[in-house]
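Printed here is coords.txt (compact mmCIF, C-alpha atoms):
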# COMPACT_ATOMS: atom_id res chain seq x y z
CA MET U 2 138.59 83.03 103.84
CA ALA U 3 136.03 85.77 104.41
CA GLU U 4 137.25 89.26 103.55
CA SER U 5 134.41 91.26 105.11
CA ILE U 6 133.08 89.06 107.91
CA VAL U 7 134.54 87.74 111.15
CA THR U 8 132.68 85.35 113.44
CA PHE U 9 133.61 84.54 117.02
CA PRO U 10 131.69 81.31 117.64
CA ASN U 11 130.97 80.04 121.14
CA ILE U 12 133.40 82.39 122.89
CA GLY U 13 135.29 80.70 125.74
CA SER U 14 134.76 83.39 128.38
CA SER U 15 132.83 86.64 128.65
CA GLN U 16 134.42 89.22 126.41
CA SER U 17 134.07 92.97 125.84
CA SER U 18 136.35 93.69 122.87
CA PHE U 19 136.19 92.14 119.42
CA SER U 20 138.68 93.05 116.69
CA PHE U 21 138.42 92.61 112.94
CA SER U 22 141.07 92.90 110.26
CA PHE U 23 139.19 94.27 107.24
CA ASP U 24 139.21 97.91 106.17
CA TYR U 25 136.06 100.01 105.82
CA ILE U 26 135.13 103.36 104.33
CA ALA U 27 132.82 104.68 107.06
CA ALA U 28 131.99 103.51 110.58
CA THR U 29 128.36 103.20 109.44
CA ASP U 30 129.45 100.30 107.20
CA ILE U 31 130.17 98.04 110.20
CA ASP U 32 127.42 95.86 111.70
CA ALA U 33 127.59 93.54 114.71
CA PHE U 34 125.39 90.65 115.81
CA VAL U 35 125.15 88.62 119.02
CA GLU U 36 123.49 85.22 118.60
CA GLY U 37 122.33 86.33 115.14
CA VAL U 38 120.56 89.44 116.43
CA SER U 39 121.65 92.87 115.18
CA VAL U 40 123.09 94.89 118.07
CA PHE U 41 125.14 97.50 116.18
CA ALA U 42 124.22 99.20 112.89
CA ASN U 43 124.85 102.62 111.35
CA ASN U 44 127.55 103.28 113.98
CA ALA U 45 125.05 102.96 116.84
CA SER U 46 123.77 100.33 119.24
CA THR U 47 120.37 99.03 118.15
CA GLY U 48 118.88 98.87 121.64
CA THR U 49 117.76 95.29 120.97
CA ALA U 50 117.91 92.89 123.92
CA VAL U 51 119.69 89.57 123.42
CA GLY U 52 119.65 86.96 126.19
CA GLY U 53 118.60 89.56 128.75
CA ASN U 54 121.33 92.04 127.78
CA THR U 55 120.94 95.28 125.88
CA TYR U 56 124.40 96.15 124.60
CA THR U 57 126.03 99.53 124.21
CA ILE U 58 128.63 99.14 121.49
CA ALA U 59 131.20 101.56 120.14
CA PHE U 60 134.51 101.62 118.33
CA SER U 61 137.37 101.59 120.82
CA SER U 62 138.64 104.76 119.11
CA GLY U 63 137.95 106.67 115.91
CA GLY U 64 138.94 104.66 112.84
CA SER U 65 139.79 101.56 114.87
CA LYS U 66 139.04 97.96 114.00
CA THR U 67 137.83 97.01 117.49
CA LEU U 68 134.28 97.12 118.83
CA THR U 69 133.76 97.34 122.59
CA PHE U 70 130.59 95.83 124.06
CA SER U 71 129.05 96.81 127.39
CA PRO U 72 128.10 94.67 129.19
CA ALA U 73 130.55 91.97 128.16
CA VAL U 74 129.16 89.30 125.85
CA PRO U 75 128.61 86.13 127.92
CA GLN U 76 130.60 82.95 127.54
CA GLY U 77 129.22 80.58 124.90
CA SER U 78 127.77 83.36 122.75
CA THR U 79 128.52 83.88 119.07
CA VAL U 80 129.49 87.34 117.85
CA ARG U 81 129.63 88.30 114.18
CA ILE U 82 131.05 91.53 112.76
CA GLU U 83 130.57 92.34 109.11
CA ARG U 84 131.17 95.17 106.71
CA ASN U 85 128.26 96.31 104.54
CA THR U 86 129.54 99.09 102.31
CA ALA U 87 126.97 101.72 101.39
CA LEU U 88 125.98 101.26 97.75
CA THR U 89 123.08 103.70 97.39
CA THR U 90 125.42 106.44 96.18
CA LYS U 91 128.82 106.49 94.54
CA ALA U 92 131.74 107.35 96.81
CA VAL U 93 133.04 109.77 94.16
CA ASP U 94 131.31 111.46 91.25
CA PHE U 95 133.95 112.41 88.67
CA SER U 96 133.36 115.37 86.38
CA ASP U 97 134.96 116.58 83.14
CA GLY U 98 137.94 118.86 83.66
CA ALA U 99 138.30 117.98 87.35
CA VAL U 100 141.68 117.10 88.83
CA LEU U 101 142.01 113.34 89.14
CA THR U 102 143.54 112.67 92.55
CA GLU U 103 144.83 109.51 94.19
CA VAL U 104 142.36 109.97 97.05
CA ALA U 105 139.38 110.20 94.69
CA LEU U 106 140.49 107.17 92.69
CA ASP U 107 141.19 105.14 95.84
CA SER U 108 137.77 106.02 97.28
CA ALA U 109 135.95 104.96 94.12
CA ILE U 110 137.93 101.73 93.78
CA ASP U 111 137.65 100.91 97.51
CA GLN U 112 133.86 101.12 97.33
CA LEU U 113 133.79 98.73 94.38
CA PHE U 114 136.44 96.41 95.86
CA PHE U 115 134.70 96.20 99.25
CA ALA U 116 131.30 95.57 97.63
CA THR U 117 132.81 92.73 95.60
CA GLN U 118 134.38 91.17 98.70
CA GLU U 119 131.07 91.41 100.56
CA SER U 120 129.20 89.85 97.66
CA ASN U 121 131.71 86.98 97.49
CA ASP U 122 131.50 86.39 101.25
CA LYS U 123 127.68 86.29 101.23
CA THR U 124 127.69 83.98 98.20
CA ASN U 125 130.16 81.62 99.89
CA GLU U 126 127.84 81.40 102.91
CA SER U 127 124.77 80.63 100.80
CA VAL U 128 123.06 77.36 99.97
CA LYS U 129 124.60 76.12 96.72
CA VAL U 130 123.87 73.53 94.08
CA THR U 131 126.69 70.96 94.05
CA ALA U 132 128.01 69.00 91.07
CA ASP U 133 125.46 66.24 91.70
CA GLY U 134 122.59 68.75 91.33
CA LYS U 135 121.70 68.75 95.04
CA PHE U 136 121.61 71.71 97.41
CA ASP U 137 124.32 71.95 100.05
CA ALA U 138 123.28 73.93 103.15
CA LEU U 139 126.89 73.94 104.42
CA SER U 140 125.84 72.16 107.64
CA LYS U 141 123.58 75.07 108.60
CA VAL U 142 119.98 74.90 109.78
CA ILE U 143 117.38 75.85 107.19
CA LYS U 144 114.56 77.89 108.71
CA ASN U 145 111.35 79.55 107.55
CA VAL U 146 110.39 76.67 105.24
CA ALA U 147 106.92 77.24 103.79
CA THR U 148 104.09 74.77 104.29
CA PRO U 149 104.57 72.01 101.69
CA VAL U 150 102.21 71.90 98.73
CA ALA U 151 103.45 68.82 96.88
CA THR U 152 104.61 65.51 98.38
CA ASN U 153 108.24 66.16 97.44
CA ASP U 154 108.42 69.70 98.92
CA ALA U 155 110.78 70.48 101.78
CA VAL U 156 109.04 70.32 105.16
CA THR U 157 109.72 71.39 108.70
Can I see the file as structure tokens?
Amino acid sequence: MAESIVTFPNIGSSQSSFSFSFDYIAATDIDAFVEGVSVFANNASTGTAVGGNTYTIAFSSGGSKTLTFSPAVPQGSTVRIERNTALTTKAVDFSDGAVLTEVALDSAIDQLFFATQESNDKTNESVKVTADGKFDALSKVIKNVATPVATNDAVT
């Protein structure tokens, strides 16, 4: 089970609200995609059109785990919400002689824990080599295959 990703495949009717269950450190860590196209990043709508719609997306309230889309995402669309914890800086920088608080320890550990979950989720979605030495694409389409050079290269 994914710990940092939720996908709503082929939604049954148009829908405006999508909830996720995973925690996050900052709202900027949450990204959303419609039909594989980024529509929400860094706590802001991307302004990218998907299927004729340009979505305005926001959290339903501060600190919530629900994103609200306007206009509603049409029936049959796939929506994906994922957490991408910021890893360019440490959440906490401890110093000698400083008071060690629960909040500081939790923040540091949460950043590491979330990053590990995200790494595991992305790895589990990736093409893997199986026990028989063959790649398993997990029933997903492989795109952007280069022009073959040798006769046994993958081709489009």
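Each of U:Glu36, U:Asp154, U:Glu4, U:Asp24 was compared to Asn121 in chain U using all atoms listed in the file, and U:Glu4 turns out to be the nearest.
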Using all atoms listed in the file, the shortest atom-to-atom distance to Gln76 in chain U among U:Gly37, U:Pro149, U:Gly98, U:Gly52 belongs to U:Gly52
Counting all atoms listed in the file, which residue out of U:Ser18, U:Thr90, U:Ser108, U:Ser78 sits closest to Val35 in chain U?
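Smallest separation from Val35 in chain U among the options: U:Ser78.
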Practice task
Pick out the residues sitting within 10 Å of range 142-147 of chain U, and hand them over as JSON, numbers by chain; count all atoms listed in the file, and ignore anything fewer than 3 positions along from it in its own chain.
Solution key: {"U": [128, 138, 139, 150, 154, 155, 156, 157]}
message: I'd like the contact shell of Ala87 in chain U - 10 Å cut-off, only C-alpha atoms, skipping same-chain residues fewer than 6 positions apart - returned as a list in words.
response: Ile26, Ala27, Thr29, Asp30, Gln112, Phe115 and Ala116 of chain U
Of U:Val74, U:Ile110, U:Ala132, U:Val7, the one sitting nearest Val93 in chain U when using all atoms listed in the file is U:Ile110
Taking all atoms of range 108-115 of chain U that appear in the file, build a box with edges along x, y and z, extend it by 6 Å on every side, and state its centre and edge lengths in Å to one decimal, as JSON.
{"center_x": 135.9, "center_y": 101.1, "center_z": 96.5, "size_x": 16.1, "size_y": 21.8, "size_z": 17.5}
Practice task
In Å, rounded to a single decimal, give me how far CA of Asn44 in chain U is from CA of Phe19 in chain U.
Solution key: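 Spanning CA of Phe19 in chain U to CA of Asn44 in chain U is a straight-line distance of 15.1 Å.
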> CA of Val80 in chain U and CA of Ser15 in chain U, how far apart in Å?
Replying inline: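 Between CA of Ser15 in chain U and CA of Val80 in chain U the gap is 11.3 Å.
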Set the distance at 6 Å and use all atoms listed in the file: which residues neighbour Pro10 in chain U once local chain neighbours fewer than 2 positions away are removed? I'd like the list as a ChimeraX atom specification.
/U:8,12,79
Could you state the separation of CA of Gln118 in chain U and CA of Ala42 in chain U in Å, given to one decimal place?
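Result for CA of Gln118 in chain U versus CA of Ala42 in chain U: 19.2 Å, one decimal.
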